[in-house]
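Raw contents of entry_37.cif, mmCIF, C-alpha atoms, pLDDT in the B column; chains and numbers go by the auth columns:
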```cif
data_work
#
loop_
_atom_site.group_PDB
_atom_site.id
_atom_site.type_symbol
_atom_site.label_atom_id
_atom_site.label_comp_id
_atom_site.label_asym_id
_atom_site.label_seq_id
_atom_site.Cartn_x
_atom_site.Cartn_y
_atom_site.Cartn_z
_atom_site.B_iso_or_equiv
_atom_site.auth_seq_id
_atom_site.auth_asym_id
ATOM 1 C CA MET A 1 41.779 11.674 4.880 67.00 1 A
ATOM 2 C CA SER A 2 38.603 13.162 3.431 93.00 2 A
ATOM 3 C CA ASP A 3 34.859 12.836 3.683 97.00 3 A
ATOM 4 C CA LEU A 4 32.367 10.260 2.488 98.00 4 A
ATOM 5 C CA HIS A 5 29.217 11.577 0.812 98.00 5 A
ATOM 6 C CA THR A 6 26.193 9.292 0.584 98.00 6 A
ATOM 7 C CA VAL A 7 23.332 9.907 -1.869 98.00 7 A
ATOM 8 C CA ASN A 8 20.103 7.939 -1.391 98.00 8 A
ATOM 9 C CA LYS A 9 17.747 9.606 -3.897 98.00 9 A
ATOM 10 C CA SER A 10 17.343 8.838 -7.592 98.00 10 A
ATOM 11 C CA PRO A 11 19.037 11.513 -9.699 98.00 11 A
ATOM 12 C CA LEU A 12 16.025 11.659 -12.020 97.00 12 A
ATOM 13 C CA ASP A 13 13.662 12.409 -9.143 97.00 13 A
ATOM 14 C CA LYS A 14 15.521 14.673 -6.726 97.00 14 A
ATOM 15 C CA ASN A 15 18.506 17.026 -6.914 97.00 15 A
ATOM 16 C CA ALA A 16 20.453 15.376 -4.063 98.00 16 A
ATOM 17 C CA LEU A 17 23.097 14.028 -6.450 98.00 17 A
ATOM 18 C CA ASP A 18 23.450 17.365 -8.249 97.00 18 A
ATOM 19 C CA SER A 19 23.976 19.218 -4.965 97.00 19 A
ATOM 20 C CA CYS A 20 26.426 16.593 -3.795 98.00 20 A
ATOM 21 C CA LEU A 21 28.450 16.844 -6.996 97.00 21 A
ATOM 22 C CA ARG A 22 28.415 20.646 -6.832 97.00 22 A
ATOM 23 C CA LEU A 23 29.473 20.914 -3.193 96.00 23 A
ATOM 24 C CA ALA A 24 31.563 17.858 -2.364 97.00 24 A
ATOM 25 C CA ALA A 25 35.273 18.674 -2.110 96.00 25 A
ATOM 26 C CA ALA A 26 37.496 17.220 -4.818 96.00 26 A
ATOM 27 C CA GLY A 27 39.012 13.951 -3.658 96.00 27 A
ATOM 28 C CA SER A 28 36.098 13.043 -1.390 97.00 28 A
ATOM 29 C CA ALA A 29 34.325 9.734 -1.877 98.00 29 A
ATOM 30 C CA ILE A 30 30.738 9.393 -3.087 98.00 30 A
ATOM 31 C CA LEU A 31 28.643 6.351 -2.232 98.00 31 A
ATOM 32 C CA LEU A 32 25.323 5.737 -3.985 98.00 32 A
ATOM 33 C CA ILE A 33 22.789 3.857 -1.821 98.00 33 A
ATOM 34 C CA GLU A 34 19.053 3.010 -1.875 98.00 34 A
ATOM 35 C CA ASP A 35 17.364 4.832 -4.805 98.00 35 A
ATOM 36 C CA GLY A 36 20.633 6.685 -5.322 98.00 36 A
ATOM 37 C CA VAL A 37 22.041 3.591 -7.054 98.00 37 A
ATOM 38 C CA TYR A 38 20.018 4.385 -10.187 98.00 38 A
ATOM 39 C CA ALA A 39 22.701 7.029 -10.858 98.00 39 A
ATOM 40 C CA ALA A 40 25.216 4.195 -11.323 98.00 40 A
ATOM 41 C CA VAL A 41 23.293 2.643 -14.224 98.00 41 A
ATOM 42 C CA LYS A 42 24.470 3.085 -17.807 98.00 42 A
ATOM 43 C CA GLY A 43 22.332 4.872 -20.355 97.00 43 A
ATOM 44 C CA THR A 44 20.405 7.241 -18.089 97.00 44 A
ATOM 45 C CA ALA A 45 19.985 10.949 -18.703 97.00 45 A
ATOM 46 C CA VAL A 46 22.541 11.667 -15.942 97.00 46 A
ATOM 47 C CA GLU A 47 25.307 9.273 -17.011 98.00 47 A
ATOM 48 C CA GLY A 48 27.438 12.148 -18.297 97.00 48 A
ATOM 49 C CA ARG A 49 27.310 13.913 -14.921 97.00 49 A
ATOM 50 C CA ILE A 50 28.502 10.794 -13.098 97.00 50 A
ATOM 51 C CA ARG A 51 31.316 10.192 -15.587 97.00 51 A
ATOM 52 C CA GLU A 52 32.429 13.791 -15.145 97.00 52 A
ATOM 53 C CA ALA A 53 32.301 13.462 -11.341 97.00 53 A
ATOM 54 C CA MET A 54 34.523 10.397 -11.515 97.00 54 A
ATOM 55 C CA GLY A 55 37.362 12.715 -12.542 96.00 55 A
ATOM 56 C CA ALA A 56 37.319 14.350 -9.105 97.00 56 A
ATOM 57 C CA HIS A 57 35.826 11.648 -6.871 98.00 57 A
ATOM 58 C CA LYS A 58 36.003 7.944 -6.260 98.00 58 A
ATOM 59 C CA VAL A 59 32.431 6.738 -6.812 98.00 59 A
ATOM 60 C CA TYR A 60 30.968 3.665 -5.118 98.00 60 A
ATOM 61 C CA ALA A 61 27.541 1.993 -5.296 98.00 61 A
ATOM 62 C CA LEU A 62 25.983 -0.448 -2.863 98.00 62 A
ATOM 63 C CA GLY A 63 25.587 -3.801 -4.646 98.00 63 A
ATOM 64 C CA PRO A 64 22.626 -5.142 -2.647 98.00 64 A
ATOM 65 C CA ASP A 65 20.598 -2.014 -3.506 98.00 65 A
ATOM 66 C CA LEU A 66 21.328 -2.457 -7.228 98.00 66 A
ATOM 67 C CA LYS A 67 20.412 -6.138 -7.093 98.00 67 A
ATOM 68 C CA ALA A 68 17.140 -5.412 -5.285 98.00 68 A
ATOM 69 C CA ARG A 69 16.210 -3.063 -8.129 98.00 69 A
ATOM 70 C CA GLY A 70 16.939 -5.599 -10.860 98.00 70 A
ATOM 71 C CA MET A 71 20.110 -3.841 -11.995 98.00 71 A
ATOM 72 C CA LYS A 72 22.749 -6.418 -12.880 96.00 72 A
ATOM 73 C CA ASP A 73 26.455 -5.654 -12.470 97.00 73 A
ATOM 74 C CA ASP A 74 26.934 -5.327 -16.246 97.00 74 A
ATOM 75 C CA ARG A 75 24.553 -2.345 -16.287 98.00 75 A
ATOM 76 C CA VAL A 76 26.814 -0.346 -13.969 98.00 76 A
ATOM 77 C CA ILE A 77 28.988 2.413 -15.429 98.00 77 A
ATOM 78 C CA ASP A 78 32.625 1.287 -15.798 97.00 78 A
ATOM 79 C CA GLY A 79 34.818 2.729 -13.056 97.00 79 A
ATOM 80 C CA ILE A 80 32.165 2.735 -10.336 98.00 80 A
ATOM 81 C CA THR A 81 33.198 0.392 -7.520 98.00 81 A
ATOM 82 C CA LEU A 82 30.512 -1.946 -6.213 98.00 82 A
ATOM 83 C CA ILE A 83 30.644 -2.650 -2.487 98.00 83 A
ATOM 84 C CA ASP A 84 28.613 -4.634 0.046 98.00 84 A
ATOM 85 C CA TYR A 85 27.610 -3.614 3.587 98.00 85 A
ATOM 86 C CA ALA A 86 31.016 -4.610 4.987 98.00 86 A
ATOM 87 C CA GLY A 87 32.611 -2.365 2.364 98.00 87 A
ATOM 88 C CA PHE A 88 30.243 0.433 3.420 98.00 88 A
ATOM 89 C CA VAL A 89 31.539 0.084 6.992 98.00 89 A
ATOM 90 C CA ASP A 90 35.144 0.096 5.769 98.00 90 A
ATOM 91 C CA LEU A 91 34.487 3.335 3.869 97.00 91 A
ATOM 92 C CA VAL A 92 32.885 4.959 6.904 97.00 92 A
ATOM 93 C CA VAL A 93 35.782 4.144 9.206 97.00 93 A
ATOM 94 C CA SER A 94 38.413 5.135 6.655 96.00 94 A
ATOM 95 C CA THR A 95 37.016 8.646 6.099 96.00 95 A
ATOM 96 C CA ASP A 96 36.911 11.684 8.424 96.00 96 A
ATOM 97 C CA LYS A 97 33.132 11.927 8.488 97.00 97 A
ATOM 98 C CA VAL A 98 30.014 10.967 6.594 97.00 98 A
ATOM 99 C CA GLN A 99 27.761 13.491 4.978 97.00 99 A
ATOM 100 C CA ALA A 100 24.356 12.271 3.835 98.00 100 A
ATOM 101 C CA TRP A 101 22.571 13.945 0.909 98.00 101 A
ATOM 102 C CA LEU A 102 18.950 13.026 1.615 97.00 102 A
ATOM 103 C CA MET B 1 -23.540 1.450 -6.898 53.00 1 B
ATOM 104 C CA SER B 2 -23.537 -0.898 -9.871 65.00 2 B
ATOM 105 C CA GLU B 3 -22.047 1.662 -12.256 83.00 3 B
ATOM 106 C CA ILE B 4 -18.704 0.470 -13.660 86.00 4 B
ATOM 107 C CA LYS B 5 -15.988 3.099 -13.708 90.00 5 B
ATOM 108 C CA ASN B 6 -12.532 3.375 -15.242 92.00 6 B
ATOM 109 C CA PHE B 7 -10.068 3.324 -12.359 93.00 7 B
ATOM 110 C CA LEU B 8 -6.531 4.438 -13.131 96.00 8 B
ATOM 111 C CA TYR B 9 -3.619 3.960 -10.756 97.00 9 B
ATOM 112 C CA LEU B 10 -0.798 6.392 -11.507 98.00 10 B
ATOM 113 C CA ASN B 11 2.567 5.097 -10.229 98.00 11 B
ATOM 114 C CA ARG B 12 5.436 7.588 -10.133 98.00 12 B
ATOM 115 C CA ARG B 13 7.738 6.193 -7.424 98.00 13 B
ATOM 116 C CA ALA B 14 10.593 3.693 -7.493 98.00 14 B
ATOM 117 C CA PRO B 15 10.210 0.503 -5.425 98.00 15 B
ATOM 118 C CA TYR B 16 11.937 -0.036 -2.031 97.00 16 B
ATOM 119 C CA GLY B 17 13.254 3.507 -1.417 96.00 17 B
ATOM 120 C CA THR B 18 9.802 4.606 -0.279 96.00 18 B
ATOM 121 C CA ILE B 19 6.599 2.722 0.538 96.00 19 B
ATOM 122 C CA TYR B 20 4.532 4.220 -2.337 97.00 20 B
ATOM 123 C CA ALA B 21 4.980 1.373 -4.831 97.00 21 B
ATOM 124 C CA TRP B 22 4.008 -1.319 -2.360 97.00 22 B
ATOM 125 C CA GLU B 23 1.044 0.686 -1.046 97.00 23 B
ATOM 126 C CA SER B 24 -0.195 1.203 -4.600 97.00 24 B
ATOM 127 C CA LEU B 25 -0.017 -2.521 -5.268 96.00 25 B
ATOM 128 C CA GLU B 26 -1.998 -3.224 -2.088 94.00 26 B
ATOM 129 C CA VAL B 27 -4.723 -0.793 -3.113 94.00 27 B
ATOM 130 C CA VAL B 28 -4.849 -2.216 -6.661 94.00 28 B
ATOM 131 C CA LEU B 29 -5.382 -5.698 -5.227 91.00 29 B
ATOM 132 C CA ILE B 30 -8.105 -4.465 -2.869 88.00 30 B
ATOM 133 C CA GLY B 31 -9.785 -2.450 -5.621 83.00 31 B
ATOM 134 C CA ALA B 32 -9.712 -5.443 -7.953 80.00 32 B
ATOM 135 C CA ALA B 33 -12.338 -7.093 -5.769 81.00 33 B
ATOM 136 C CA PHE B 34 -14.937 -4.484 -6.776 83.00 34 B
ATOM 137 C CA ASP B 35 -15.398 -5.388 -10.463 82.00 35 B
ATOM 138 C CA GLN B 36 -14.292 -2.046 -11.875 85.00 36 B
ATOM 139 C CA LYS B 37 -12.229 -1.476 -15.028 90.00 37 B
ATOM 140 C CA VAL B 38 -8.709 -1.147 -13.673 93.00 38 B
ATOM 141 C CA SER B 39 -5.674 0.228 -15.502 96.00 39 B
ATOM 142 C CA LEU B 40 -2.212 1.175 -14.266 98.00 40 B
ATOM 143 C CA LEU B 41 0.065 3.858 -15.656 98.00 41 B
ATOM 144 C CA PHE B 42 3.767 3.829 -14.764 98.00 42 B
ATOM 145 C CA ALA B 43 5.636 7.094 -15.274 98.00 43 B
ATOM 146 C CA ASP B 44 8.762 8.853 -13.991 98.00 44 B
ATOM 147 C CA GLU B 45 10.421 6.746 -11.247 98.00 45 B
ATOM 148 C CA GLY B 46 7.445 4.390 -11.355 98.00 46 B
ATOM 149 C CA VAL B 47 8.813 2.609 -14.426 98.00 47 B
ATOM 150 C CA TYR B 48 11.485 1.084 -12.162 98.00 48 B
ATOM 151 C CA GLN B 49 8.748 -0.946 -10.436 98.00 49 B
ATOM 152 C CA LEU B 50 8.432 -3.180 -13.503 98.00 50 B
ATOM 153 C CA VAL B 51 12.128 -3.927 -14.048 98.00 51 B
ATOM 154 C CA LYS B 52 12.774 -7.687 -14.333 97.00 52 B
ATOM 155 C CA GLY B 53 15.120 -9.638 -12.098 97.00 53 B
ATOM 156 C CA GLN B 54 14.658 -7.824 -8.786 98.00 54 B
ATOM 157 C CA ASP B 55 16.364 -9.667 -5.921 98.00 55 B
ATOM 158 C CA THR B 56 15.887 -8.112 -2.475 98.00 56 B
ATOM 159 C CA ALA B 57 17.608 -10.812 -0.405 97.00 57 B
ATOM 160 C CA GLY B 58 20.563 -8.506 0.209 97.00 58 B
ATOM 161 C CA ILE B 59 18.482 -5.624 1.607 97.00 59 B
ATOM 162 C CA GLN B 60 16.179 -7.813 3.692 95.00 60 B
ATOM 163 C CA MET B 61 12.974 -6.340 2.275 95.00 61 B
ATOM 164 C CA LYS B 62 10.007 -8.145 0.783 95.00 62 B
ATOM 165 C CA ASN B 63 10.378 -8.582 -2.982 96.00 63 B
ATOM 166 C CA PHE B 64 6.926 -7.638 -4.252 95.00 64 B
ATOM 167 C CA SER B 65 7.889 -7.473 -7.928 95.00 65 B
ATOM 168 C CA ALA B 66 6.487 -10.949 -8.642 95.00 66 B
ATOM 169 C CA THR B 67 3.030 -9.659 -7.691 96.00 67 B
ATOM 170 C CA TYR B 68 2.890 -7.435 -10.798 96.00 68 B
ATOM 171 C CA ARG B 69 2.883 -10.564 -12.969 95.00 69 B
ATOM 172 C CA THR B 70 -0.332 -11.729 -11.274 94.00 70 B
ATOM 173 C CA LEU B 71 -2.289 -8.529 -11.856 95.00 71 B
ATOM 174 C CA GLY B 72 -3.867 -9.894 -15.018 92.00 72 B
ATOM 175 C CA ASP B 73 -5.458 -12.604 -12.890 90.00 73 B
ATOM 176 C CA TYR B 74 -6.966 -9.882 -10.702 89.00 74 B
ATOM 177 C CA GLY B 75 -8.749 -8.303 -13.653 87.00 75 B
ATOM 178 C CA VAL B 76 -6.260 -5.529 -14.433 93.00 76 B
ATOM 179 C CA ARG B 77 -6.630 -4.959 -18.186 91.00 77 B
ATOM 180 C CA HIS B 78 -3.928 -2.433 -19.004 96.00 78 B
ATOM 181 C CA MET B 79 -0.481 -1.636 -17.620 98.00 79 B
ATOM 182 C CA TYR B 80 0.745 1.400 -19.506 98.00 80 B
ATOM 183 C CA VAL B 81 4.371 2.556 -19.356 98.00 81 B
ATOM 184 C CA ASP B 82 5.460 6.067 -20.312 98.00 82 B
ATOM 185 C CA ARG B 83 8.104 5.791 -23.031 98.00 83 B
ATOM 186 C CA LYS B 84 9.880 9.061 -22.179 98.00 84 B
ATOM 187 C CA SER B 85 10.383 7.960 -18.559 98.00 85 B
ATOM 188 C CA LEU B 86 11.827 4.634 -19.739 98.00 86 B
ATOM 189 C CA GLU B 87 14.236 6.271 -22.174 98.00 87 B
ATOM 190 C CA GLU B 88 15.510 8.797 -19.610 97.00 88 B
ATOM 191 C CA ARG B 89 16.462 5.838 -17.432 98.00 89 B
ATOM 192 C CA GLY B 90 18.283 3.857 -20.120 98.00 90 B
ATOM 193 C CA LEU B 91 15.568 1.196 -20.119 98.00 91 B
ATOM 194 C CA THR B 92 13.661 -0.528 -22.911 98.00 92 B
ATOM 195 C CA GLU B 93 10.539 -2.661 -23.069 97.00 93 B
ATOM 196 C CA ALA B 94 12.801 -5.754 -22.921 98.00 94 B
ATOM 197 C CA ASP B 95 13.818 -4.785 -19.362 98.00 95 B
ATOM 198 C CA LEU B 96 10.228 -4.977 -18.107 98.00 96 B
ATOM 199 C CA VAL B 97 8.192 -7.871 -16.732 97.00 97 B
ATOM 200 C CA GLU B 98 5.483 -9.362 -18.927 97.00 98 B
ATOM 201 C CA VAL B 99 1.970 -9.747 -17.553 96.00 99 B
ATOM 202 C CA ALA B 100 -0.552 -12.099 -19.142 94.00 100 B
ATOM 203 C CA TRP B 101 -4.304 -11.631 -18.962 90.00 101 B
ATOM 204 C CA GLU B 102 -7.020 -14.225 -19.460 85.00 102 B
ATOM 205 C CA ASP B 103 -10.798 -14.078 -19.051 81.00 103 B
ATOM 206 C CA MET B 104 -11.901 -17.311 -17.416 77.00 104 B
ATOM 207 C CA GLU B 105 -15.449 -17.003 -18.771 81.00 105 B
ATOM 208 C CA SER B 106 -14.927 -15.991 -22.384 84.00 106 B
ATOM 209 C CA ASP B 107 -11.447 -17.514 -22.907 83.00 107 B
ATOM 210 C CA ASP B 108 -10.256 -14.143 -24.205 87.00 108 B
ATOM 211 C CA ALA B 109 -6.544 -13.827 -23.592 90.00 109 B
ATOM 212 C CA VAL B 110 -3.746 -11.305 -24.020 91.00 110 B
ATOM 213 C CA ASP B 111 -0.094 -12.457 -23.835 93.00 111 B
ATOM 214 C CA ASN B 112 1.186 -9.230 -22.338 96.00 112 B
ATOM 215 C CA ILE B 113 -0.842 -6.292 -21.027 96.00 113 B
ATOM 216 C CA VAL B 114 2.274 -4.183 -20.400 98.00 114 B
ATOM 217 C CA GLU B 115 2.254 -1.537 -23.117 98.00 115 B
ATOM 218 C CA VAL B 116 4.791 1.243 -23.690 98.00 116 B
ATOM 219 C CA ILE B 117 3.009 4.398 -24.845 98.00 117 B
ATOM 220 C CA ASP B 118 4.014 7.909 -25.864 98.00 118 B
ATOM 221 C CA SER B 119 3.098 11.126 -24.078 97.00 119 B
ATOM 222 C CA ALA B 120 0.018 11.844 -26.177 98.00 120 B
ATOM 223 C CA GLN B 121 -1.348 8.369 -25.471 98.00 121 B
ATOM 224 C CA ALA B 122 -0.575 8.732 -21.766 98.00 122 B
ATOM 225 C CA ALA B 123 -2.473 12.013 -21.717 97.00 123 B
ATOM 226 C CA GLU B 124 -5.469 10.229 -23.257 98.00 124 B
ATOM 227 C CA VAL B 125 -5.286 7.464 -20.677 97.00 125 B
ATOM 228 C CA LEU B 126 -5.288 10.038 -17.867 97.00 126 B
ATOM 229 C CA ALA B 127 -8.087 12.099 -19.385 96.00 127 B
ATOM 230 C CA GLY B 128 -10.177 9.005 -20.041 96.00 128 B
ATOM 231 C CA ALA B 129 -10.153 7.791 -16.445 96.00 129 B
ATOM 232 C CA ASP B 130 -13.157 8.369 -14.176 95.00 130 B
ATOM 233 C CA VAL B 131 -10.979 8.150 -11.082 94.00 131 B
ATOM 234 C CA VAL B 132 -7.188 8.517 -10.718 96.00 132 B
ATOM 235 C CA PHE B 133 -5.349 7.156 -7.692 96.00 133 B
ATOM 236 C CA SER B 134 -1.918 8.747 -7.362 97.00 134 B
ATOM 237 C CA PHE B 135 1.083 7.064 -5.806 97.00 135 B
#
```

So that I can check it, write out the structure of this file as C-alpha cells.
Amino acid sequence: MSDLHTVNKSPLDKNALDSCLRLAAAGSAILLIEDGVYAAVKGTAVEGRIREAMGAHKVYALGPDLKARGMKDDRVIDGITLIDYAGFVDLVVSTDKVQAWL
Amino acid sequence: MSEIKNFLYLNRRAPYGTIYAWESLEVVLIGAAFDQKVSLLFADEGVYQLVKGQDTAGIQMKNFSATYRTLGDYGVRHMYVDRKSLEERGLTEADLVEVAWEDMESDDAVDNIVEVIDSAQAAEVLAGADVVFSF
C-alpha cells in the first residue's frame, strides 16, 4: 500500500504539482483534479515533467474535470489513466491515505 | 459623465477552479450597459476560458463558456489573447471560440473579434486603456 497525492492547481499557475513531484514517495499515486488536470494535457510547457514523473508514479486525471475544461480525451498524455468519481473513490479506499497539494 | 472611456478587462484565471472567470463575465455584462468602449485581454490561465467544447455536466457546475460567444452582441469590440500564454499551454487559435460582432445601426460587422496578439501588442493594449479591471 502507498499514498494517493491529489493536485488541484494548474501547473502553469502554481507550484503545487512541482512540490508534489519533488516530495511524493516513489510508487505513490498522483491524481490530477480540478485545475490540476491541465497538467495532463499534451503540448504544455510542463509535459516533460509529467512524463518523467510517470517513471516513478502511476498518474491519473479526473475525466469530468477535463471535459468541463474542453479538453478531449485525445489531448491527454499517453499513459495517464482517466477516471471518473467512482474511480476516485476506489483510489482513495485502495491507498493508505490521501495527501492534497492545494 | 458622458465621456467615453476605454475599459479593459484583464482575465488571468482558468474557469471553474475559482470564481474569477465567472465574476469577470458578470461585470463585463453589467459594464456593457454603460456605452463604454469595452475590450477583454486573456492572458496566463485566462486563455483557458476561451477553449471550445467545454462540457460541465460531469462536475455539476454552470457552463458559462457559451456566454463568451454573445459578447459581441453586448458591444464588446475586442477580445485579445496573449500568444505566449496560449503556446505555453499547447493551445492554438483553432482551439478557441469565435465571437462575431455586428453593429445594428451601421451594419458594420466583424466575423471574429477574438485576436491572438504578441507581448508587445498586449503591452500596448494595456497601456492604451483608461481603466483596467483585473480578474

Query raised in the report: Using all atoms listed in the file, which chain B residues lie at most 12 Å away from chain A, written as an MDAnalysis selection string?
Result: chainID B and resid 12:18 43:66 84:92 95:97

So that all listed atoms of range 39-50 of chain A fit with 6 Å spare on each side, what axis-aligned box centre and edge lengths in Å, to one decimal, would you give as lines of an AutoDock Vina configuration file?
```
center_x = 24.2
center_y = 8.3
center_z = -15.6
size_x = 20.5
size_y = 23.3
size_z = 21.5
```

Report summary line: Atom pair CA of Leu82 in chain A + CA of Tyr20 in chain B, distance 27.0 Å

Report task. Would you work out the distance separating CA of Lys97 in chain A from CA of Leu4 in chain A, expressed in Å to one decimal? Result ->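 Separation of CA of Lys97 in chain A and CA of Leu4 in chain A: 6.3 Å.
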
Report task. Could you please determine the separation between CA of Leu40 in chain B and CA of Gly128 in chain B in Å, to one decimal place? Result ->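 Separation of CA of Leu40 in chain B and CA of Gly128 in chain B: 12.6 Å.
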
May I have the residues within 8 Å of Ala61 in chain A as a PDB file with C-alpha atoms, keeping the file's coordinate frame, using all atoms listed in the file and disregarding those fewer than 6 positions away in the same chain?
```
ATOM      1  CA  LEU A  31      28.643   6.351  -2.232  1.00 98.00           C
ATOM      2  CA  LEU A  32      25.323   5.737  -3.985  1.00 98.00           C
ATOM      3  CA  ILE A  33      22.789   3.857  -1.821  1.00 98.00           C
ATOM      4  CA  VAL A  37      22.041   3.591  -7.054  1.00 98.00           C
ATOM      5  CA  ALA A  40      25.216   4.195 -11.323  1.00 98.00           C
ATOM      6  CA  ILE A  80      32.165   2.735 -10.336  1.00 98.00           C
ATOM      7  CA  THR A  81      33.198   0.392  -7.520  1.00 98.00           C
ATOM      8  CA  LEU A  82      30.512  -1.946  -6.213  1.00 98.00           C
ATOM      9  CA  ILE A  83      30.644  -2.650  -2.487  1.00 98.00           C
TER      10      ILE A  83
END
```
